[in-house]
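Undergrad: Sending over a structure as structure tokens; questions will come in a sec.
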Amino acid sequence: MIISPAYAQAAPGGDPGFIGFLPIILMFVLLYFLMIRPQMKRAKEQKAMVEALQKGDEVVTAGGIVGKITKLSDQYVTVEVAPNTELVMQRSAVQVPLPKGTLKTLQ
């Protein structure tokens, strides 16, 4: 009869608990600080810029059209792009306000 030696076996591993979720939690925190928070900051700045628009401001629209604001309403803005040529668009279409006198230097 062959008897094999009995070796002591390691105790079974315990439940990893919180340590197992730590890498996933760190990835979500990193995602928040690298992507979500800067996007929220840009949206807040854009909203403040759109709310601060006034008649006579020179702006660039989302389509790249440059013009001067002639009329404002709650949702829409009228932009003069050439003499006697006006476009009505949503306020959110305005991307960048330009310094005063920019249109004169472009013509």
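Identifiers in the structure tokens: chain A, B, ... in order shown; residue index from 1 per chain; ligand index from 1 in order shown.
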Write down as a list in words the residues of stretch 5-82 of chain A whose backbone DSSP state falls under strand (DSSP E or B).
TA: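 Put together, the selection reads Glu58, Val59, Val60, Thr61, Val66, Gly67, Lys68, Ile69, Thr70, Lys71, Leu72, Tyr76, Val77, Thr78, Val79, Glu80, Val81 and Ala82 of chain A.
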Undergrad: Quick one: which stretch 66-106 of chain A residues come within 12 Å of stretch 25-45 of chain A, and what is the nearest atom pair for each with the distance in Å to one decimal, counting only C-alpha atoms, rows ordered by chain and ascending number, as a Markdown table?
TA:
| residue | atom | partner | partner_atom | distance |
| --- | --- | --- | --- | --- |
| A:Ser92 | CA | A:Ala43 | CA | 10.9 |
| A:Gln95 | CA | A:Glu45 | CA | 11.0 |
| A:Val96 | CA | A:Glu45 | CA | 11.2 |
Undergrad: Go ahead and compute the interatomic distance for atom CA of A:Glu51 and atom CA of A:Tyr76, in Å to one decimal.
TA: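 Spanning atom CA of A:Glu51 to atom CA of A:Tyr76 is a straight-line distance of 11.4 Å.
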Undergrad: Residues at most 12 Å from A:Ala62, counting only C-alpha atoms, excluding those fewer than 3 positions away in the same chain, as number ranges by chain?
TA: A: 59, 65-67, 89-97
Undergrad: Restricted to N, CA and C atoms, what would the selected residues look like written as a short mmCIF file (atom, residue, chain, number, x, y, z; two decimals), in the first residue's frame?
TA:
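Output below, filename selection.cif:
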data_model
loop_
_atom_site.label_atom_id
_atom_site.label_comp_id
_atom_site.auth_asym_id
_atom_site.auth_seq_id
_atom_site.Cartn_x
_atom_site.Cartn_y
_atom_site.Cartn_z
N VAL A 59 -20.85 88.81 -33.35
CA VAL A 59 -20.75 87.41 -32.95
C VAL A 59 -20.38 86.51 -34.13
N ILE A 65 -20.87 81.95 -39.44
CA ILE A 65 -21.36 83.23 -39.97
C ILE A 65 -21.04 84.33 -38.97
N VAL A 66 -20.47 85.43 -39.49
CA VAL A 66 -20.11 86.56 -38.66
C VAL A 66 -21.12 87.66 -38.89
N GLY A 67 -21.62 88.27 -37.81
CA GLY A 67 -22.59 89.34 -37.96
C GLY A 67 -22.80 90.11 -36.68
N MET A 89 -31.98 83.20 -35.85
CA MET A 89 -31.48 81.91 -35.39
C MET A 89 -31.66 81.80 -33.88
N GLN A 90 -31.50 80.60 -33.39
CA GLN A 90 -31.61 80.38 -31.95
C GLN A 90 -30.42 81.02 -31.25
N ARG A 91 -30.66 81.44 -30.03
CA ARG A 91 -29.57 82.04 -29.24
C ARG A 91 -28.41 81.06 -29.06
N SER A 92 -28.72 79.79 -28.94
CA SER A 92 -27.68 78.79 -28.71
C SER A 92 -26.77 78.61 -29.92
N ALA A 93 -27.16 79.15 -31.09
CA ALA A 93 -26.32 79.05 -32.28
C ALA A 93 -25.15 80.02 -32.22
N VAL A 94 -25.21 81.00 -31.34
CA VAL A 94 -24.10 81.94 -31.19
C VAL A 94 -22.98 81.24 -30.42
N GLN A 95 -21.80 81.18 -31.02
CA GLN A 95 -20.69 80.47 -30.40
C GLN A 95 -19.70 81.39 -29.70
N VAL A 96 -19.34 82.51 -30.37
CA VAL A 96 -18.29 83.36 -29.84
C VAL A 96 -18.66 84.83 -30.01
N PRO A 97 -18.61 85.62 -28.94
CA PRO A 97 -18.77 87.06 -29.12
C PRO A 97 -17.43 87.65 -29.57
#
Undergrad: Measuring atom to atom with only C-alpha atoms, identify which of A:Leu53, A:Ile19, A:Ile24, A:Ala48 is nearest to A:Val79.
TA: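 Of the candidates, the smallest distance to A:Val79 is held by A:Leu53.
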